[in-house]
Structures are given as C-alpha cells and as structure tokens.
Amino acid sequence: MADAEQPRGTLTLRTLAMPGDANAAGDIFGGWVMAQMDLACGIRAAEHAGGRVVTAAVNEMVFEKPMHIGDTLCVYIDIEKIGRTSMTLLVQAWAQRYLTSHREKVIVGRFVMVALDEDGKPTRIPD
C-alpha cells in the first residue's frame with residue numbers, strides 16, 4: 001500500500017540512524033536529525049548558488065514523529081524562494097522504517113541559506 005502523503009522536493013541526503021545517535025530508549029536525538037537537515041540544505045543551496053553558502057536562519061522546525069535506531073533518514077529539499085543573496089528552503093525529513101519500505105514524515109523545517117563570495121561577504125545568487 002502506498003503512503004498517502006509523498007515527500008516534497010528533491011532527495012538530497014540519505015543516512016542511517018545508528019545507536020550513537022540515540023538516547024537510552026532508542027529514539028534518535030532531534031539535534032542529530034536537525035544537523036543532517038542543515039547538511040542537506042547546504043548541499044542543495046550550494047548547488048543552486050554555484051558556490052559557498054551558510055545557514056542564516058531556521059525559521060521553523062516541527063517534530064512530528066520520532067526516528068529510531070536502524071531507520072534510514074531521507075532528507076528532501078524544496079527551494080521555496082530565491083532572493084538576491086539568500087534562499088528559503090522547505091526541508092522534510094522522512095524515516096524509512098528499519099527493514100521495511102514504509103516511510104513516515106518525521107520533521108519539517110524552513111531554513112534560510114545565504115550565498116557568500118571568496119571574502120565571506122553575501123553575494124548575488126545567479127539567475
């Protein structure tokens with residue numbers, strides 16, 4: 001049976017949740033998932049900007065369901081808005097549950113990334 005809701009955006013990062021990423025109950029730390037989401041934003045934004053980018057803001061972060069040891073984290077990125085030097089990215093983290101094809105959305109966030117030049121100053125994002 002197919003999941004009713006599908007991920008939005010481009011699959012940008014996949015990684016496995018390991019025991020070192022979890023608390024004693026086997027739930028994956030939210031901070032670990034957020035770090036993976038930030039990494040995926042950096043990859044997608046740098047590809048789009050054609051150069052260096054940094055995280056300027058996390059405008060929203062909604063934790064919907066837990067992740068567990070053995071789940072595969074799949075991070076999807078959708079570029080929602082592009083400004084002169086920054087872009088807003090919708091980030092969806094989905095868990096592919098251990099040893100199954102079942103996926104569940106676990107976290108949704110919005111990140112703002114800023115393009116930088118060689119001197120570390122904001123620079124125009126190419127059209």
# chains A, B, ... in the order shown; residues from 1 in each chain; ligands from 1

call {"tool": "select_by_dssp", "arguments": {"residues": "chain A", "states": "alpha helix (DSSP H)", "output": "number ranges by chain"}}
result
A: 30-49

call {"tool": "atom_distance", "arguments": {"atom1": "atom CA of Asp78 of chain A", "atom2": "atom CA of Leu90 of chain A"}}
result
5.1 Å

call {"tool": "select_by_dssp", "arguments": {"residues": "chain A", "states": "strand (DSSP E)", "output": "short mmCIF file (atom, residue, chain, number, x, y, z; two decimals) with C-alpha atoms, in the first residue's frame"}}
result
data_model
loop_
_atom_site.label_atom_id
_atom_site.label_comp_id
_atom_site.auth_asym_id
_atom_site.auth_seq_id
_atom_site.Cartn_x
_atom_site.Cartn_y
_atom_site.Cartn_z
CA THR A 10 14.49 16.65 -4.19
CA LEU A 11 16.00 13.77 -2.24
CA THR A 12 19.29 15.33 -1.17
CA LEU A 13 20.62 13.16 1.66
CA ARG A 14 20.15 9.61 2.96
CA THR A 15 21.83 8.22 6.05
CA LEU A 16 21.34 5.50 8.63
CA VAL A 53 26.59 29.10 1.35
CA VAL A 54 25.91 29.34 5.07
CA THR A 55 22.85 28.86 7.24
CA ALA A 56 21.38 32.23 8.20
CA ALA A 57 18.21 31.10 9.98
CA VAL A 58 15.98 28.22 10.88
CA ASN A 59 12.53 29.78 10.70
CA GLU A 60 10.50 26.71 11.55
CA MET A 61 11.09 23.22 12.94
CA VAL A 62 8.18 20.88 13.63
CA PHE A 63 8.88 17.45 15.13
CA THR A 72 17.07 5.44 7.20
CA LEU A 73 16.78 9.22 7.28
CA CYS A 74 15.80 10.67 3.90
CA VAL A 75 16.02 14.46 3.61
CA TYR A 76 14.10 16.23 0.83
CA ILE A 77 14.71 19.86 -0.12
CA ASP A 78 12.37 22.20 -1.99
CA ILE A 79 13.66 25.69 -2.77
CA GLU A 80 10.64 27.87 -1.97
CA LYS A 81 12.04 31.36 -2.52
CA ILE A 82 15.17 32.88 -4.00
CA SER A 86 19.53 34.26 0.14
CA MET A 87 17.11 31.42 -0.41
CA THR A 88 14.43 29.80 1.72
CA LEU A 89 14.31 26.02 1.69
CA LEU A 90 11.49 23.75 2.80
CA VAL A 91 13.13 20.72 4.38
CA GLN A 92 11.33 17.45 5.01
CA ALA A 93 12.94 14.63 6.95
CA TRP A 94 11.38 11.23 6.35
CA ALA A 95 12.18 7.98 8.15
CA GLN A 96 12.22 4.79 6.15
CA ARG A 103 8.16 5.87 5.16
CA GLU A 104 6.91 8.47 7.61
CA LYS A 105 7.50 12.21 7.70
CA VAL A 106 9.27 12.97 10.98
CA ILE A 107 10.37 16.63 10.84
CA VAL A 108 9.56 19.64 8.67
CA GLY A 109 11.58 22.84 8.72
CA ARG A 110 12.37 26.01 6.84
CA PHE A 111 15.98 27.11 6.54
CA VAL A 112 17.40 30.32 5.09
CA MET A 113 20.75 29.98 3.36
CA VAL A 114 22.95 32.89 2.23
CA ALA A 115 25.44 32.75 -0.66
#

call {"tool": "residues_around", "arguments": {"residues": "Tyr98 of chain A", "least_positions_apart": "6", "cutoff": "10 Å", "atoms": "only C-alpha atoms", "output": "ChimeraX atom specification"}}
result
/A:16-17,67-72

call {"tool": "write_last_selection", "arguments": {"atoms": "N, CA and C atoms", "output": "CSV table (one decimal), in the first residue's frame"}}
result
chain,number,residue,atom,x,y,z
A,16,LEU,N,21.9,6.5,7.7
A,16,LEU,CA,21.3,5.5,8.6
A,16,LEU,C,21.5,6.0,10.1
A,17,ALA,N,20.4,5.9,10.8
A,17,ALA,CA,20.4,6.3,12.2
A,17,ALA,C,21.0,5.1,13.1
A,67,MET,N,12.3,9.2,15.3
A,67,MET,CA,13.1,8.3,14.5
A,67,MET,C,13.7,7.3,15.5
A,68,HIS,N,14.0,6.1,15.0
A,68,HIS,CA,14.6,5.1,15.8
A,68,HIS,C,15.8,4.5,15.2
A,69,ILE,N,16.6,3.9,16.1
A,69,ILE,CA,17.8,3.2,15.6
A,69,ILE,C,17.5,2.3,14.4
A,70,GLY,N,18.3,2.3,13.4
A,70,GLY,CA,18.1,1.5,12.2
A,70,GLY,C,17.3,2.1,11.1
A,71,ASP,N,16.5,3.2,11.4
A,71,ASP,CA,15.7,3.9,10.4
A,71,ASP,C,16.7,4.6,9.4
A,72,THR,N,16.3,4.7,8.2
A,72,THR,CA,17.1,5.4,7.2
A,72,THR,C,16.4,6.8,7.1

call {"tool": "closest_residue", "arguments": {"among": "A:Met18, A:Leu99, A:Leu116, A:Ala45", "to": "Val33 of chain A", "atoms": "only C-alpha atoms"}}
result
A:Met18
